[in-house]
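Undergrad: Sharing my_file_17.pdb (PDB, C-alpha atoms and all ligand atoms) below.
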```pdb
ATOM      1  CA  MET A   1      70.537  -2.119 -21.056
ATOM      2  CA  THR A   2      71.201  -2.593 -17.386
ATOM      3  CA  LYS A   3      73.157  -5.292 -15.754
ATOM      4  CA  PHE A   4      70.105  -6.082 -13.711
ATOM      5  CA  GLU A   5      68.327  -8.098 -16.405
ATOM      6  CA  HIS A   6      71.249 -10.345 -17.037
ATOM      7  CA  HIS A   7      72.336 -11.108 -13.544
ATOM      8  CA  PRO A   8      71.203 -14.704 -12.806
ATOM      9  CA  ALA A   9      71.144 -14.219  -9.028
ATOM     10  CA  VAL A  10      68.832 -11.190  -9.326
ATOM     11  CA  LEU A  11      66.620 -13.083 -11.762
ATOM     12  CA  CYS A  12      66.358 -16.023  -9.358
ATOM     13  CA  ALA A  13      65.565 -13.763  -6.454
ATOM     14  CA  THR A  14      62.878 -12.008  -8.487
ATOM     15  CA  LEU A  15      61.272 -15.300  -9.516
ATOM     16  CA  ALA A  16      61.360 -16.542  -5.952
ATOM     17  CA  ALA A  17      59.726 -13.336  -4.756
ATOM     18  CA  LEU A  18      57.036 -13.674  -7.430
ATOM     19  CA  ALA A  19      56.376 -17.283  -6.488
ATOM     20  CA  LEU A  20      56.183 -16.327  -2.844
ATOM     21  CA  SER A  21      53.793 -13.511  -3.455
ATOM     22  CA  ALA A  22      51.641 -15.779  -5.660
ATOM     23  CA  GLY A  23      51.550 -18.241  -2.776
ATOM     24  CA  THR A  24      50.614 -15.488  -0.382
ATOM     25  CA  LEU A  25      47.857 -14.166  -2.620
ATOM     26  CA  GLN A  26      46.487 -17.639  -3.070
ATOM     27  CA  GLY A  27      43.599 -18.281  -0.813
ATOM     28  CA  CYS A  28      42.677 -14.637  -0.371
ATOM     29  CA  ARG A  29      39.466 -14.722  -2.338
ATOM     30  CA  GLY A  30      36.738 -17.274  -1.962
ATOM     31  CA  ASP A  31      38.609 -19.633   0.385
ATOM     32  CA  ARG A  32      37.235 -20.297   3.788
ATOM     33  CA  SER A  33      39.524 -19.536   6.637
ATOM     34  CA  THR A  34      39.314 -18.984  10.332
ATOM     35  CA  GLU A  35      42.083 -16.380  10.020
ATOM     36  CA  PRO A  36      41.178 -12.726   9.675
ATOM     37  CA  PRO A  37      41.224 -11.671   5.994
ATOM     38  CA  ARG A  38      44.469 -10.225   4.655
ATOM     39  CA  GLN A  39      44.301  -6.568   3.935
ATOM     40  CA  PHE A  40      46.678  -5.090   1.391
ATOM     41  CA  PHE A  41      45.303  -1.584   1.542
ATOM     42  CA  PRO A  42      43.909  -1.297   5.056
ATOM     43  CA  ASP A  43      43.529   2.446   4.765
ATOM     44  CA  LEU A  44      41.003   1.907   1.958
ATOM     45  CA  ASP A  45      39.239  -1.005   3.633
ATOM     46  CA  ASP A  46      38.974   0.741   6.946
ATOM     47  CA  ALA A  47      38.530   4.307   5.708
ATOM     48  CA  PRO A  48      36.747   6.400   8.283
ATOM     49  CA  LYS A  49      33.198   6.818   7.030
ATOM     50  CA  TRP A  50      29.767   7.579   8.375
ATOM     51  CA  GLU A  51      27.161   4.883   8.001
ATOM     52  CA  PRO A  52      23.480   5.703   7.653
ATOM     53  CA  GLN A  53      21.643   5.168  10.966
ATOM     54  CA  GLY A  54      24.996   5.242  12.762
ATOM     55  CA  GLU A  55      26.063   7.222  15.806
ATOM     56  CA  SER A  56      28.235  10.282  15.779
ATOM     57  CA  ASN A  57      29.396  12.566  18.532
ATOM     58  CA  PHE A  58      29.945  15.284  15.965
ATOM     59  CA  PHE A  59      26.306  16.364  16.039
ATOM     60  CA  ALA A  60      24.482  17.311  19.208
ATOM     61  CA  ASP A  61      21.700  14.762  18.621
ATOM     62  CA  GLY A  62      24.251  11.925  18.371
ATOM     63  CA  ARG A  63      23.018  10.819  14.920
ATOM     64  CA  MET A  64      24.944  10.629  11.699
ATOM     65  CA  MET A  65      21.894  11.184   9.523
ATOM     66  CA  ARG A  66      20.552  14.717   9.426
ATOM     67  CA  GLN A  67      16.882  15.617   9.629
ATOM     68  CA  PRO A  68      15.438  17.332   6.557
ATOM     69  CA  VAL A  69      15.075  21.077   6.885
ATOM     70  CA  ALA A  70      11.808  21.977   8.657
ATOM     71  CA  GLY A  71       8.966  22.289   6.201
ATOM     72  CA  THR A  72      10.548  19.972   3.620
ATOM     73  CA  VAL A  73       7.931  18.084   1.655
ATOM     74  CA  PRO A  74       8.566  14.776  -0.120
ATOM     75  CA  PHE A  75       8.619  15.125  -3.858
ATOM     76  CA  GLY A  76       9.007  12.609  -6.675
ATOM     77  CA  ARG A  77      12.321  12.406  -8.435
ATOM     78  CA  GLN A  78      10.824  12.812 -11.881
ATOM     79  CA  ALA A  79       9.712  16.308 -12.732
ATOM     80  CA  PHE A  80       7.516  15.264 -15.651
ATOM     81  CA  VAL A  81       4.875  17.585 -16.890
ATOM     82  CA  PRO A  82       1.913  15.327 -17.554
ATOM     83  CA  SER A  83       0.808  15.285 -21.139
ATOM     84  CA  GLU A  84      -2.454  13.806 -22.246
ATOM     85  CA  ASP A  85      -0.933  11.382 -24.671
ATOM     86  CA  LYS A  86       1.522   9.935 -22.179
ATOM     87  CA  ALA A  87      -0.055   7.761 -19.554
ATOM     88  CA  TRP A  88       3.300   7.108 -17.934
ATOM     89  CA  SER A  89       4.113  10.780 -17.375
ATOM     90  CA  THR A  90       0.674  11.316 -15.871
ATOM     91  CA  SER A  91       1.148   8.392 -13.541
ATOM     92  CA  TRP A  92       4.452   9.817 -12.350
ATOM     93  CA  SER A  93       2.950  13.193 -11.600
ATOM     94  CA  GLU A  94       0.080  11.497  -9.766
ATOM     95  CA  LYS A  95       2.604   9.710  -7.606
ATOM     96  CA  ARG A  96       4.185  13.049  -6.796
ATOM     97  CA  GLU A  97       0.809  14.351  -5.652
ATOM     98  CA  ASP A  98       0.485  11.225  -3.574
ATOM     99  CA  LEU A  99       3.835  11.859  -1.885
ATOM    100  CA  LEU A 100       2.848  15.405  -1.049
ATOM    101  CA  LYS A 101      -0.345  14.329   0.746
ATOM    102  CA  ALA A 102      -1.131  17.969   1.275
ATOM    103  CA  ASP A 103      -4.912  17.553   1.228
ATOM    104  CA  PRO A 104      -6.164  16.079   4.544
ATOM    105  CA  VAL A 105      -9.662  15.579   3.143
ATOM    106  CA  PHE A 106      -8.448  13.369   0.336
ATOM    107  CA  TYR A 107      -5.518  11.684   2.098
ATOM    108  CA  ALA A 108      -6.873  11.310   5.646
ATOM    109  CA  GLY A 109     -10.658  11.505   5.214
ATOM    110  CA  LYS A 110     -10.810  14.401   7.684
ATOM    111  CA  ASP A 111     -11.982  17.982   7.368
ATOM    112  CA  ASP A 112      -9.898  20.920   8.578
ATOM    113  CA  LYS A 113     -11.319  20.500  12.102
ATOM    114  CA  GLY A 114     -10.237  16.884  12.206
ATOM    115  CA  ALA A 115     -13.761  15.414  11.847
ATOM    116  CA  TRP A 116     -14.479  12.490   9.493
ATOM    117  CA  ILE A 117     -15.891  13.711   6.236
ATOM    118  CA  ALA A 118     -19.358  12.360   5.436
ATOM    119  CA  LYS A 119     -18.956  11.867   1.695
ATOM    120  CA  VAL A 120     -16.250  10.653  -0.674
ATOM    121  CA  PRO A 121     -14.522  13.868  -1.806
ATOM    122  CA  VAL A 122     -14.302  12.943  -5.496
ATOM    123  CA  LYS A 123     -16.793  12.255  -8.256
ATOM    124  CA  PHE A 124     -16.891   8.685  -9.446
ATOM    125  CA  SER A 125     -17.916   7.099 -12.694
ATOM    126  CA  GLN A 126     -19.214   3.577 -13.095
ATOM    127  CA  GLN A 127     -15.654   2.581 -14.056
ATOM    128  CA  ASP A 128     -14.502   3.752 -10.627
ATOM    129  CA  LEU A 129     -17.166   1.667  -8.915
ATOM    130  CA  LEU A 130     -16.127  -1.393 -10.900
ATOM    131  CA  ARG A 131     -12.518  -0.762  -9.918
ATOM    132  CA  GLY A 132     -13.697  -0.373  -6.298
ATOM    133  CA  GLN A 133     -15.494  -3.698  -6.583
ATOM    134  CA  GLU A 134     -12.358  -5.378  -7.893
ATOM    135  CA  ARG A 135     -10.172  -3.883  -5.126
ATOM    136  CA  TYR A 136     -12.752  -4.716  -2.447
ATOM    137  CA  ASN A 137     -12.961  -8.304  -3.651
ATOM    138  CA  ILE A 138      -9.164  -8.578  -3.509
ATOM    139  CA  SER A 139      -8.434  -6.811  -0.218
ATOM    140  CA  CYS A 140     -11.586  -6.975   1.897
ATOM    141  CA  ALA A 141     -13.912  -9.767   0.772
ATOM    142  CA  SER A 142     -11.871 -12.608   2.273
ATOM    143  CA  CYS A 143     -12.935 -11.348   5.692
ATOM    144  CA  HIS A 144     -15.944  -9.079   5.139
ATOM    145  CA  GLY A 145     -17.579 -11.214   2.454
ATOM    146  CA  TYR A 146     -18.369 -10.319  -1.143
ATOM    147  CA  ASP A 147     -21.649  -8.851   0.084
ATOM    148  CA  GLY A 148     -20.156  -7.007   3.080
ATOM    149  CA  ALA A 149     -22.090  -8.985   5.680
ATOM    150  CA  GLY A 150     -18.903 -10.207   7.409
ATOM    151  CA  GLN A 151     -19.093 -13.860   6.343
ATOM    152  CA  GLY A 152     -16.023 -14.118   4.102
ATOM    153  CA  THR A 153     -13.981 -17.312   3.962
ATOM    154  CA  VAL A 154     -11.643 -15.978   6.633
ATOM    155  CA  GLY A 155     -14.193 -13.731   8.353
ATOM    156  CA  SER A 156     -16.597 -16.582   9.048
ATOM    157  CA  GLN A 157     -13.770 -18.413  10.882
ATOM    158  CA  TRP A 158     -12.826 -15.356  12.965
ATOM    159  CA  SER A 159     -12.875 -15.774  16.751
ATOM    160  CA  TYR A 160     -15.752 -13.260  16.974
ATOM    161  CA  PRO A 161     -18.393 -12.100  14.475
ATOM    162  CA  LEU A 162     -17.125  -9.519  12.009
ATOM    163  CA  PRO A 163     -19.073  -6.297  11.581
ATOM    164  CA  ASN A 164     -21.881  -6.290   9.045
ATOM    165  CA  PHE A 165     -21.664  -3.308   6.698
ATOM    166  CA  HIS A 166     -25.442  -3.418   6.307
ATOM    167  CA  ASP A 167     -25.939  -2.463   9.971
ATOM    168  CA  GLU A 168     -27.185   1.029  10.845
ATOM    169  CA  LYS A 169     -23.806   1.647  12.449
ATOM    170  CA  TYR A 170     -22.292   1.859   8.971
ATOM    171  CA  ARG A 171     -25.288   3.410   7.226
ATOM    172  CA  ASP A 172     -26.632   6.151   9.494
ATOM    173  CA  VAL A 173     -24.346   9.086   8.637
ATOM    174  CA  SER A 174     -25.140  10.820  11.946
ATOM    175  CA  GLN A 175     -22.792   8.191  13.440
ATOM    176  CA  ASP A 176     -19.043   8.518  12.979
ATOM    177  CA  THR A 177     -18.697   4.867  11.964
ATOM    178  CA  ALA A 178     -20.919   5.518   8.926
ATOM    179  CA  LYS A 179     -18.910   8.442   7.587
ATOM    180  CA  ASP A 180     -17.031   7.871   4.337
ATOM    181  CA  GLY A 181     -13.905   9.382   5.888
ATOM    182  CA  TYR A 182     -14.031   6.816   8.693
ATOM    183  CA  LEU A 183     -14.374   3.841   6.334
ATOM    184  CA  TYR A 184     -11.483   5.233   4.300
ATOM    185  CA  HIS A 185      -9.374   5.548   7.438
ATOM    186  CA  ILE A 186     -10.135   1.986   8.585
ATOM    187  CA  ALA A 187      -9.419   0.524   5.153
ATOM    188  CA  ARG A 188      -5.987   2.165   5.143
ATOM    189  CA  ASN A 189      -4.999   1.929   8.807
ATOM    190  CA  GLY A 190      -6.947  -1.033  10.142
ATOM    191  CA  VAL A 191      -8.614  -1.363  13.536
ATOM    192  CA  TRP A 192      -6.672  -1.054  16.775
ATOM    193  CA  SER A 193      -7.620  -1.587  20.399
ATOM    194  CA  PRO A 194      -8.257   1.746  22.197
ATOM    195  CA  ASP A 195      -4.817   1.633  23.839
ATOM    196  CA  GLY A 196      -3.244   1.045  20.422
ATOM    197  CA  ALA A 197      -1.561  -2.159  21.574
ATOM    198  CA  GLN A 198      -3.626  -4.697  19.655
ATOM    199  CA  ASN A 199      -4.187  -4.780  15.914
ATOM    200  CA  LYS A 200      -7.705  -6.131  15.352
ATOM    201  CA  MET A 201      -7.761  -5.640  11.588
ATOM    202  CA  PRO A 202      -4.713  -5.074   9.377
ATOM    203  CA  GLY A 203      -4.562  -1.809   7.433
ATOM    204  CA  TYR A 204      -4.322  -1.975   3.661
ATOM    205  CA  ALA A 205      -2.519   1.289   2.903
ATOM    206  CA  HIS A 206       0.443  -0.721   1.601
ATOM    207  CA  ALA A 207      -1.730  -2.308  -1.068
ATOM    208  CA  LEU A 208      -4.116   0.515  -1.995
ATOM    209  CA  THR A 209      -3.658   3.965  -3.444
ATOM    210  CA  ALA A 210      -5.710   6.750  -1.872
ATOM    211  CA  GLU A 211      -7.889   6.784  -5.007
ATOM    212  CA  ASP A 212      -8.556   3.052  -4.855
ATOM    213  CA  THR A 213      -9.392   3.290  -1.158
ATOM    214  CA  TRP A 214     -12.099   5.864  -1.918
ATOM    215  CA  ARG A 215     -13.339   3.612  -4.714
ATOM    216  CA  ILE A 216     -13.673   0.801  -2.164
ATOM    217  CA  VAL A 217     -15.631   3.088   0.169
ATOM    218  CA  ALA A 218     -17.936   3.976  -2.728
ATOM    219  CA  TYR A 219     -18.335   0.287  -3.528
ATOM    220  CA  ILE A 220     -19.289  -0.487   0.086
ATOM    221  CA  ARG A 221     -22.107   2.062  -0.454
ATOM    222  CA  VAL A 222     -23.093   0.138  -3.580
ATOM    223  CA  LEU A 223     -23.233  -3.075  -1.524
ATOM    224  CA  GLN A 224     -25.405  -1.330   1.060
ATOM    225  CA  ALA A 225     -27.695  -0.022  -1.650
ATOM    226  CA  THR A 226     -28.238  -3.575  -2.906
ATOM    227  CA  ARG A 227     -30.143  -4.235   0.326
ATOM    228  CA  SER A 228     -31.863  -0.938   0.873
ATOM    229  CA  ALA A 229     -32.579   0.582  -2.526
ATOM    230  CA  THR A 230     -36.064   0.334  -3.959
ATOM    231  CA  LEU A 231     -37.188   0.577  -7.550
ATOM    232  CA  SER A 232     -37.972   4.248  -6.992
ATOM    233  CA  ASP A 233     -34.227   4.872  -6.505
ATOM    234  CA  VAL A 234     -33.609   3.654 -10.049
ATOM    235  CA  PRO A 235     -33.737   6.336 -12.747
ATOM    236  CA  GLU A 236     -37.118   6.098 -14.417
ATOM    237  CA  ALA A 237     -35.729   5.240 -17.832
ATOM    238  CA  GLN A 238     -34.113   2.072 -16.443
ATOM    239  CA  ARG A 239     -36.811   0.966 -14.010
ATOM    240  CA  GLU A 240     -38.524  -1.410 -16.383
ATOM    241  CA  LYS A 241     -35.251  -3.146 -17.253
ATOM    242  CA  VAL A 242     -34.330  -3.537 -13.589
ATOM    243  CA  ARG A 243     -37.794  -4.808 -12.667
ATOM    244  CA  ALA A 244     -37.555  -7.459 -15.385
ATOM    245  CA  ALA A 245     -34.049  -8.460 -14.211
ATOM    246  CA  ILE A 246     -35.249  -8.835 -10.612
ATOM    247  CA  GLU A 247     -38.210 -10.946 -11.663
ATOM    248  CA  ALA A 248     -36.047 -13.137 -13.874
ATOM    249  CA  ALA A 249     -33.554 -13.637 -11.041
ATOM    250  CA  ALA A 250     -36.304 -14.426  -8.530
ATOM    251  CA  SER A 251     -37.857 -17.086 -10.749
ATOM    252  CA  ALA A 252     -34.433 -18.605 -11.529
ATOM    253  CA  ALA A 253     -33.284 -18.723  -7.902
ATOM    254  CA  PRO A 254     -34.100 -21.734  -5.719
ATOM    255  CA  ALA A 255     -36.706 -21.134  -2.997
ATOM    256  CA  GLY A 256     -35.327 -19.269  -0.014
ATOM    257  CA  ALA A 257     -32.418 -17.703  -1.892
ATOM    258  CA  THR A 258     -31.933 -14.004  -1.394
ATOM    259  CA  THR A 259     -32.498 -11.742  -4.349
ATOM    260  CA  PRO A 260     -29.101 -11.011  -5.845
ATOM    261  CA  PRO A 261     -28.141  -7.356  -6.102
ATOM    262  CA  THR A 262     -28.708  -5.876  -9.524
ATOM    263  CA  THR A 263     -25.464  -3.859  -9.555
ATOM    264  CA  PRO A 264     -22.960  -4.927 -10.636
ATOM    265  CA  PRO A 265     -24.287  -8.027 -12.305
ATOM    266  CA  THR A 266     -21.153 -10.181 -12.325
ATOM    267  CA  THR A 267     -20.356 -10.229  -8.592
ATOM    268  CA  PRO A 268     -20.775 -13.265  -6.395
ATOM    269  CA  THR A 269     -23.224 -11.984  -3.808
ATOM    270  CA  THR A 270     -23.842 -14.525  -1.100
ATOM    271  CA  GLY A 271     -21.039 -14.347   1.461
ATOM    272  CA  GLY A 272     -17.366 -14.855   0.746
ATOM    273  CA  ALA A 273     -17.277 -18.592   1.329
ATOM    274  CA  PRO A 274     -17.241 -20.650  -1.851
TER     275      PRO A 274
HETATM  276  C1  LIG B 301      -7.951 -10.288   7.655
HETATM  277  C2  LIG B 301      -9.350  -9.968   7.778
HETATM  278  C3  LIG B 301      -9.797  -8.601   7.349
HETATM  279  C4  LIG B 301      -9.624  -7.994   6.127
HETATM  280  C5  LIG B 301      -8.931  -8.550   4.901
HETATM  281  C6  LIG B 301     -10.280  -6.717   6.218
HETATM  282  N1  LIG B 301     -10.850  -6.557   7.449
HETATM  283 FE1  LIG B 301     -12.004  -5.004   8.049
HETATM  284  N2  LIG B 301     -12.229  -5.859   9.870
HETATM  285  C7  LIG B 301     -11.687  -7.060  10.253
HETATM  286  C8  LIG B 301     -11.999  -7.300  11.641
HETATM  287  C9  LIG B 301     -11.575  -8.510  12.457
HETATM  288  C10 LIG B 301     -12.766  -6.207  12.078
HETATM  289  C11 LIG B 301     -13.352  -5.977  13.478
HETATM  290  C12 LIG B 301     -12.285  -5.305  14.302
HETATM  291  C13 LIG B 301     -12.773  -5.050  15.719
HETATM  292  O1  LIG B 301     -13.453  -4.022  15.912
HETATM  293  O2  LIG B 301     -12.465  -5.864  16.586
HETATM  294  C14 LIG B 301     -12.894  -5.323  10.934
HETATM  295  C15 LIG B 301     -13.611  -4.137  10.960
HETATM  296  C16 LIG B 301     -13.796  -3.310   9.867
HETATM  297  C17 LIG B 301     -14.633  -2.125   9.860
HETATM  298  C18 LIG B 301     -15.448  -1.603  11.026
HETATM  299  C19 LIG B 301     -14.634  -0.695  11.896
HETATM  300  C20 LIG B 301     -15.427  -0.166  13.086
HETATM  301  O3  LIG B 301     -14.879   0.670  13.805
HETATM  302  O4  LIG B 301     -16.569  -0.558  13.300
HETATM  303  C21 LIG B 301     -14.538  -1.590   8.618
HETATM  304  C22 LIG B 301     -15.240  -0.333   8.103
HETATM  305  C23 LIG B 301     -13.661  -2.440   7.843
HETATM  306  N3  LIG B 301     -13.242  -3.474   8.626
HETATM  307  C24 LIG B 301     -13.338  -2.223   6.513
HETATM  308  C25 LIG B 301     -12.458  -3.030   5.785
HETATM  309  C26 LIG B 301     -12.073  -2.760   4.420
HETATM  310  C27 LIG B 301     -12.592  -1.590   3.595
HETATM  311  C28 LIG B 301     -11.220  -3.748   4.055
HETATM  312  C29 LIG B 301     -10.468  -3.885   2.763
HETATM  313  C30 LIG B 301      -9.607  -2.801   2.399
HETATM  314  C31 LIG B 301     -11.080  -4.643   5.181
HETATM  315  N4  LIG B 301     -11.825  -4.170   6.222
HETATM  316  C32 LIG B 301     -10.302  -5.797   5.190
HETATM  317  C33 LIG B 301     -10.942  -7.916   9.477
HETATM  318  C34 LIG B 301     -10.571  -7.683   8.182
END
```
Please go through the file and, once you have read it, give me the structure as structure tokens.
Ligand code: HEC

TA:
Amino acid sequence: MTKFEHHPAVLCATLAALALSAGTLQGCRGDRSTEPPRQFFPDLDDAPKWEPQGESNFFADGRMMRQPVAGTVPFGRQAFVPSEDKAWSTSWSEKREDLLKADPVFYAGKDDKGAWIAKVPVKFSQQDLLRGQERYNISCASCHGYDGAGQGTVGSQWSYPLPNFHDEKYRDVSQDTAKDGYLYHIARNGVWSPDGAQNKMPGYAHALTAEDTWRIVAYIRVLQATRSATLSDVPEAQREKVRAAIEAAASAAPAGATTPPTTPPTTPTTGGAP
């Protein structure tokens, strides 16, 4: 027992101090004030620290953030080994590949001399083409039209005519503009004026994986084939079926309508405009 607890004057002083400090604390949090905020531990609030993107005279380049060591390659955080029964682990490892972007043919559409590659560098199944169709219809058709002729809902309102993918320019592979690598590049990076100042078409790399971009390129070839292919291009076993489908479509269509493409059967085919 100390005298302290029993001394009324000390008790009063303590209570007064408590009341005062409660009054002082009041209004610290949440209240609006034109006064600068009270700081009880200024050394913690104002601890010297380095902010990302900040300046520092400690390093010769004046930056706080350090550059990665030369030759560093981006790598996913998850080191999963893909297993066949786990779609999610496979998708993670695919993303890692995507970050690495080590293959210029696949990720830039260019060969080792920097020229556009003529053909999609992967083998595609019909599933891939259908996926390409879906992605094309989402990302490209509004301007370029469901049939690729440049008359999409937005494209037909453009201040100048949009390119027609059925033109020789995009079909004759002796021209750069008809190379698969070039179409891939445009889909991802858009079209820019020669001086790089004006963006004529937005790039879609933010919305498309590299794989899906190639699928779109392959689907543009499908669209082209709908206007240029003849029955002799169809495997013999399916010719009769295709011939019957074309005849049925021609007799069902009103006079003057263009023959709808036979692949794939569910696509709207005449322009993008509803
Ligand atoms: C917002 C409208 C719009 C969308 C969406 C769009 N484009 Fe374009 N695209 C344009 C315009 C405009 C041009 C013509 C640019 C120019 O040369 O002035 C163009 C040109 C092109 C060309 C021709 C480039 C050349 O050098 O001749 C290709 C190929 C192309 N687009 C592919 C695509 C693909 C693939 C997609 C979908 C991933 C797509 N575009 C989505 C507006 C669009």

Undergrad: Given the file shown, enumerate the residues that the PyMOL selection byres (((not hetatm)) within 7 of (chain B and resi 301)) captures and present them as an NGL selection string.

TA: :A and (136 or 139-144 or 154-155 or 158 or 162-163 or 177 or 183-184 or 186-188 or 190-191 or 200-202 or 204 or 216-217)

Undergrad: Could you give me, as a PyMOL selection string, the residues within 7 Å of Glu55 of chain A, counting only C-alpha atoms and dropping anything in the same chain fewer than 6 positions from it?

TA: chain A and resi 62-64

Undergrad: Nearest to Val105 of chain A: which of A:Ala70, A:Ala210, A:Ala47, A:Val242 is it, counting all atoms listed in the file?

TA: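 Looking at the shortest contact to Val105 of chain A, the residue is A:Ala210.
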
Undergrad: Expanded to explicit residues, what is the PyMOL selection byres (((chain A and resi 133) around 9) and not hetatm) for this file, as number ranges by chain?

TA: A: 128-132, 134-138, 215-216, 218-220, 264, 267

Undergrad: As a check of understanding, name the residues that the PyMOL selection byres (((chain A and resi 107) around 12) and not hetatm) selects in the supplied structure, as a ChimeraX atom specification.

TA: /A:97-106,108-111,116-117,120-122,181-182,184-185,188-189,205,208-214

Undergrad: Which distance in Å separates atom CA of Trp50 of chain A and atom CA of Gly71 of chain A, to one decimal?

TA: 25.6 Å

Undergrad: State, in Å with one decimal place, the distance from atom CA of Thr226 of chain A to atom CA of Lys169 of chain A.

TA: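 Interatomic distance here is 16.8 Å.
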